[in-house]
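Just below is one structure, and these are the notes that go with it.
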Amino acid sequence: MSPIRALAAHELGEAIRNRWLLAYGGLFAVLALGLSLVGLRLAGAVGLEGYGRTTASLLNLCLGLVPLIALLLGATGLAGDREVGLLESMLAQPVGRSELVLGRFAGALAAVGLATLLGFGLAGVLIGLATGAAGGGQYLAFLGIALAVAAVYLSIGVAIAVGVRSRMQGLAWALAAWFGSVVVFDLVLIAAGAVAGASAPVLAAAVLLNPVEVARILALLLLDPALEVLGPVGGFLTARLGTAGAAGLLVGALAAWIVGPLAVALALFEGRDPI
Amino acid sequence: MIALRDVRKRFGSVPALEGITAEVPDGAFVLLVGSNGAGKTTLLRCILGLLRFDGTITVGGHDVARDGRRARALLGYVPQRPALPADLTCTEVLDLFARLRGRARGDAAMLGRVGLEDAARAPVRTLSGGMRQRLALAVALQADPAVLLFDEPAASLDVAARRALHRDLEDLAGRGRTVLLATHLAAEPLQIATRALVLHRGRVAYDGPPEGLGGAVQQRVVFSVNGVGRAELTAVLTALPGVRVAQTPGSVTATTRAGGAFEVLAAVAAAGVRPVDVHVEEPTVDPEVLAEAGTVTPR
């Protein structure tokens, strides 16, 4: 077994052993089913909603929760290991530093991915069985976007972990990154558009700087590429690039957000004393 | 087996190692001695490639800075406070570290070798400090490394665990393993060692056979005193040949050669002085004495 696989399996095993994976999976499932039920009750019916409305409802939940969980896991894992000395024990083995980072990233991604798939996947199966609704493909695309968001924020979390000296510092930076990405960025963008009169191309370029917004527009594009749903930035992108082109650009942006912070983490980890 | 050439390491503006040059021959049992802050742990971490450094370190001919993985494949490491995954059982810990070395599973027989056969299914978090130390030793030994590095292995152990550790060390020495043992104590390990490397403030203060350390192996006897009898005690200690006396508000400390503690105690008792408490510390190597005697690096 290669060190990367061994480390990934260890990370996943720890997540299962600590039961947080099951807890997050359960939380996602309950919230997904809850949103589906509530949505239909508001519409005056009884029972579960189909995929389309549920997916749209779940999007905001997913784009708030998944980044938070991934950031916390990424930013505290390595930093915590450094703090207790486990990093020293592992790096004393014939394991490359890059292998250690990649192994831990892969394991954590498998854990967050499993929790996401377990939760939203279970909810998706139940909704499908109960309603027999169409739109399963959209729901699968939503799951894929959720996994990509998890990978992006895990990557950012790992970069934070490599840069900080303690678990608490990692925790603080992770929360700051989440707050900036999920809460502050939107407000800044609204202000830039409304107050400073930023043009659609400028806003579109700015949106690419925030993976949450990239994922949001991509998901809406896949769910309902109508201009009024997509907003000015999504509308601008589809008008300029077409639906497929816009989707390609957004998928590319997400991929860059996965690779970029991870590359920074690897460079930092190789270039400085890791303990 | 290990060659160090002008190894230097700084933490910011603070120098930790200042030009360490030394050899650890194949099959040698080298004691890396020095007080806290002398640079022992830093040197071990440089040998493992855990810290960047200037100079050259090779292990079995592999340059640690350029080919760290191959160098580390030859090394087993037991840190001062072994950190192992708390929720894993002893067997699972062996499996994990075996996989990091490309093996399918750990060597469970190693648990028997270090006296942990009954704790095979116990989670690490339930183990005592001594048991964790022994598990870390099992992790290091199962890889059958050419060289074993120990960092203050006895520091957090009680007397029984320390004796058990010393038996392990004697066993390793008997099997002809190359061992580099960092310690600030110089009691039993000095009897086992074939060579001593003394660090003082990041420099080599001595590199040679343990016998060459002579009177630099010192022992402190600390007398706790209140006002009564302090003057008499100080007078008795000062009169003893080869004894250095230091005073603090609550204590008087006599520093003598290793094994000289009994004579100090006997003299104090004979003088009828009764301190509040007495503590005999374990022998350590005093670099100042080495410097005074001019006993530096007989390599």
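Chain identifiers are assigned as A, B, and so on, following the order in which chains appear in the structure tokens; residues are numbered from 1 within each chain, and ligands are numbered from 1 in order of appearance.
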May I have a table of the residues of stretch 137-230 of chain B lying at most 12 Å from stretch 110-119 of chain B, giving each one's closest pair of atoms and their distance in Å to one decimal, counting only C-alpha atoms, ordered by chain and ascending residue number, as a tab-separated table?
```
residue	atom	partner	partner_atom	distance
B:Leu137	CA	B:Val114	CA	7.5
B:Ala138	CA	B:Met110	CA	5.5
B:Val139	CA	B:Met110	CA	8.0
B:Ala140	CA	B:Met110	CA	9.7
B:Leu141	CA	B:Met110	CA	7.4
B:Gln142	CA	B:Met110	CA	6.3
B:Ala143	CA	B:Met110	CA	10.1
B:Asp144	CA	B:Met110	CA	10.6
B:Ala161	CA	B:Gly115	CA	10.8
B:Ala164	CA	B:Val114	CA	8.9
B:Leu165	CA	B:Val114	CA	9.0
B:His166	CA	B:Val114	CA	11.9
B:Arg167	CA	B:Val114	CA	10.3
B:Asp168	CA	B:Val114	CA	7.9
B:Leu169	CA	B:Val114	CA	11.3
B:Asp171	CA	B:Arg113	CA	10.9
B:Leu172	CA	B:Arg113	CA	11.8
```
Original post:
So which bits of stretch 72-263 of chain A end up alpha helix (DSSP H) when you DSSP the backbone, as a PyMOL selection string?
Top reply: chain A and resi 72-84+86-91+97-131+136-163+167-179+185-194+200-207+211-223+227-263
**OP:** Pull out every residue of chain B that has at least one atom within 6 Å of chain A, counting only C-alpha atoms, and report them as a ChimeraX atom specification.
**Re:** /B:48,51,69,72-73,83-84,99-100,102
Can you spit out the residues from that selection as an mmCIF file, in the first residue's frame, using N, CA and C atoms?
```cif
data_model
loop_
_atom_site.group_PDB
_atom_site.id
_atom_site.type_symbol
_atom_site.label_atom_id
_atom_site.label_comp_id
_atom_site.auth_asym_id
_atom_site.auth_seq_id
_atom_site.Cartn_x
_atom_site.Cartn_y
_atom_site.Cartn_z
ATOM 1 N N LEU B 48 16.561 13.374 10.807
ATOM 2 C CA LEU B 48 15.327 12.797 10.241
ATOM 3 C C LEU B 48 14.790 13.611 9.064
ATOM 4 N N LEU B 51 13.587 19.056 9.946
ATOM 5 C CA LEU B 51 13.936 20.470 9.943
ATOM 6 C C LEU B 51 14.942 20.725 8.827
ATOM 7 N N ARG B 69 13.642 10.495 1.972
ATOM 8 C CA ARG B 69 12.856 9.263 2.114
ATOM 9 C C ARG B 69 13.744 8.047 2.278
ATOM 10 N N ARG B 72 15.365 8.135 5.671
ATOM 11 C CA ARG B 72 14.431 7.789 6.751
ATOM 12 C C ARG B 72 14.047 6.306 6.726
ATOM 13 N N ALA B 73 14.154 5.687 5.552
ATOM 14 C CA ALA B 73 13.862 4.245 5.484
ATOM 15 C C ALA B 73 14.856 3.454 6.333
ATOM 16 N N ALA B 83 3.743 10.544 20.155
ATOM 17 C CA ALA B 83 2.363 10.891 19.801
ATOM 18 C C ALA B 83 1.890 9.890 18.765
ATOM 19 N N LEU B 84 0.904 9.113 19.146
ATOM 20 C CA LEU B 84 0.347 8.105 18.245
ATOM 21 C C LEU B 84 -1.159 8.310 18.212
ATOM 22 N N ARG B 99 2.216 0.339 7.084
ATOM 23 C CA ARG B 99 1.729 0.739 5.754
ATOM 24 C C ARG B 99 2.449 1.971 5.248
ATOM 25 N N LEU B 100 2.813 2.863 6.176
ATOM 26 C CA LEU B 100 3.559 4.048 5.747
ATOM 27 C C LEU B 100 4.941 3.668 5.220
ATOM 28 N N GLY B 102 5.214 0.928 3.418
ATOM 29 C CA GLY B 102 4.942 0.096 2.252
ATOM 30 C C GLY B 102 4.694 -1.362 2.567
#
```
Subject >> Residue contacts of A:Pro232 (10 Å, only C-alpha atoms) excluding same-chain residues fewer than 5 positions away, as a list in words >> reply: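 Everything that qualifies: Gly193, Ser199, Ala200, Pro201, Leu203, Ala204, Leu227, Leu237 and Thr238 of chain A.
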Original post:
Can you tell me, as a list in words, what residues are no more than 8 Å from B:Gly250 when counting only C-alpha atoms, ignoring any on the same chain fewer than 5 positions away?
Top reply: Ser224, Val225 and Asn226 of chain B
For the selection you just gave me, I'd like the residues written to a file as a PDB file, in the first residue's frame, keeping N, CA and C atoms.
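File out_28.pdb, as written:
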```
ATOM      1  N   SER B 224      17.386  20.945  50.878  1.00  0.00           N
ATOM      2  CA  SER B 224      16.430  22.005  51.190  1.00  0.00           C
ATOM      3  C   SER B 224      16.679  22.442  52.626  1.00  0.00           C
ATOM      4  N   VAL B 225      16.830  23.734  52.831  1.00  0.00           N
ATOM      5  CA  VAL B 225      17.129  24.231  54.184  1.00  0.00           C
ATOM      6  C   VAL B 225      16.290  25.454  54.482  1.00  0.00           C
ATOM      7  N   ASN B 226      15.953  25.595  55.767  1.00  0.00           N
ATOM      8  CA  ASN B 226      15.450  26.901  56.196  1.00  0.00           C
ATOM      9  C   ASN B 226      16.653  27.600  56.842  1.00  0.00           C
TER      10      ASN B 226
END
```
**OP:** Return the single residue from B:Gly208, B:Pro123, B:Pro79, B:Pro283 that is closest to B:Arg257, with distances computed using only C-alpha atoms.
**Re:**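 Of all the options, B:Pro283 lies closest to B:Arg257.
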Subject >> Proximity to A:Arg216 - best of A:Gly103, A:Gly235, A:Ala23, A:Val149, only C-alpha atoms >> reply: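 Result for the nearest residue to A:Arg216: A:Val149.
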Subject >> Nearest to A:Ala15, chosen from A:Ala111, A:Ala79, A:Leu72, A:Leu65, with only C-alpha atoms counted in the distances >> reply: A:Ala111
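Computed from the coordinates, the atom CA of B:Leu31 to atom CA of B:Leu181 distance equals 5.0 Å.
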**OP:** Using only C-alpha atoms, find the one residue out of B:Gly227, B:Gly214, B:Ala267, B:Thr58 that sits nearest to B:Val252.
**Re:** B:Gly227
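When atom CA of B:Phe11 is paired with atom CA of B:Arg70, their separation reads 26.1 Å.
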**OP:** Go through A:Leu262, A:Leu208, A:Ala8, A:Val183 one by one, measure the shortest atom-to-atom distance of each to A:Gly163 using only C-alpha atoms, and give the residue with the smallest value.
**Re:** A:Leu262
Original post:
Excluding same-chain residues fewer than 6 positions from B:Arg66, what lies within 10 Å of it counting only C-alpha atoms, as a list of chain:residue names?
Top reply: B:Gly49, B:Thr56, B:Ile57, B:Thr58
Output the selection as an mmCIF file, in the first residue's frame - N, CA and C atoms for each residue.
```cif
data_model
loop_
_atom_site.group_PDB
_atom_site.id
_atom_site.type_symbol
_atom_site.label_atom_id
_atom_site.label_comp_id
_atom_site.auth_asym_id
_atom_site.auth_seq_id
_atom_site.Cartn_x
_atom_site.Cartn_y
_atom_site.Cartn_z
ATOM 1 N N GLY B 49 15.384 14.775 8.825
ATOM 2 C CA GLY B 49 14.896 15.631 7.737
ATOM 3 C C GLY B 49 13.623 16.365 8.106
ATOM 4 N N THR B 56 25.740 19.245 5.757
ATOM 5 C CA THR B 56 25.382 17.974 5.128
ATOM 6 C C THR B 56 25.175 16.897 6.190
ATOM 7 N N ILE B 57 24.103 16.143 6.013
ATOM 8 C CA ILE B 57 23.892 14.945 6.838
ATOM 9 C C ILE B 57 23.613 13.792 5.890
ATOM 10 N N THR B 58 24.347 12.703 6.059
ATOM 11 C CA THR B 58 24.038 11.499 5.284
ATOM 12 C C THR B 58 23.742 10.352 6.239
#
```
Subject >> Backbone-only DSSP, strand (DSSP E) members of stretch 6-250 of chain B, as number ranges by chain >> reply: B: 6-11, 14-24, 29-33, 54-59, 62-63, 75-78, 147-151, 178-183, 195-200, 203-208, 217-224, 244-248
Subject >> 9 Å contact set for A:Leu175, only C-alpha atoms, chain neighbours under 3 positions out, as a list in words >> reply: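 My list of contacting residues is Leu68, Leu71, Leu72, Gly170, Leu171, Ala172, Trp178, Phe179 and Gly180 of chain A.
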Original post:
Which residue out of B:Thr255, B:Thr178, B:Thr284, B:Thr194 has the minimum interatomic distance to B:Leu240 when only C-alpha atoms are used?
Top reply: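 Using only C-alpha atoms, B:Leu240 sits closest to B:Thr255.
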Original post:
Which residues, written as a VMD selection string, have at least one atom at most 10 Å from B:Gly242, with only C-alpha atoms counted and residues fewer than 4 positions away on the same chain left out?
Top reply: chain B and resid 215 237 to 238 254 to 257 260
Selection from above, C-alpha atoms, as a PDB file, in the first residue's frame, can you write it?
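Okay, this is what ended up in again.pdb:
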```pdb
ATOM      1  CA  GLY B 215      35.042  13.935  36.095  1.00  0.00           C
ATOM      2  CA  LEU B 237      30.130  20.996  51.855  1.00  0.00           C
ATOM      3  CA  THR B 238      32.739  23.622  51.013  1.00  0.00           C
ATOM      4  CA  ALA B 254      26.510  20.322  46.140  1.00  0.00           C
ATOM      5  CA  THR B 255      27.822  19.218  42.750  1.00  0.00           C
ATOM      6  CA  THR B 256      30.246  16.304  42.803  1.00  0.00           C
ATOM      7  CA  ARG B 257      31.495  13.554  40.505  1.00  0.00           C
ATOM      8  CA  GLY B 260      30.217  10.923  45.012  1.00  0.00           C
TER       9      GLY B 260
END
```
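Computed from the coordinates, the atom CA of A:Ile160 to atom CA of A:Leu27 distance equals 25.9 Å.
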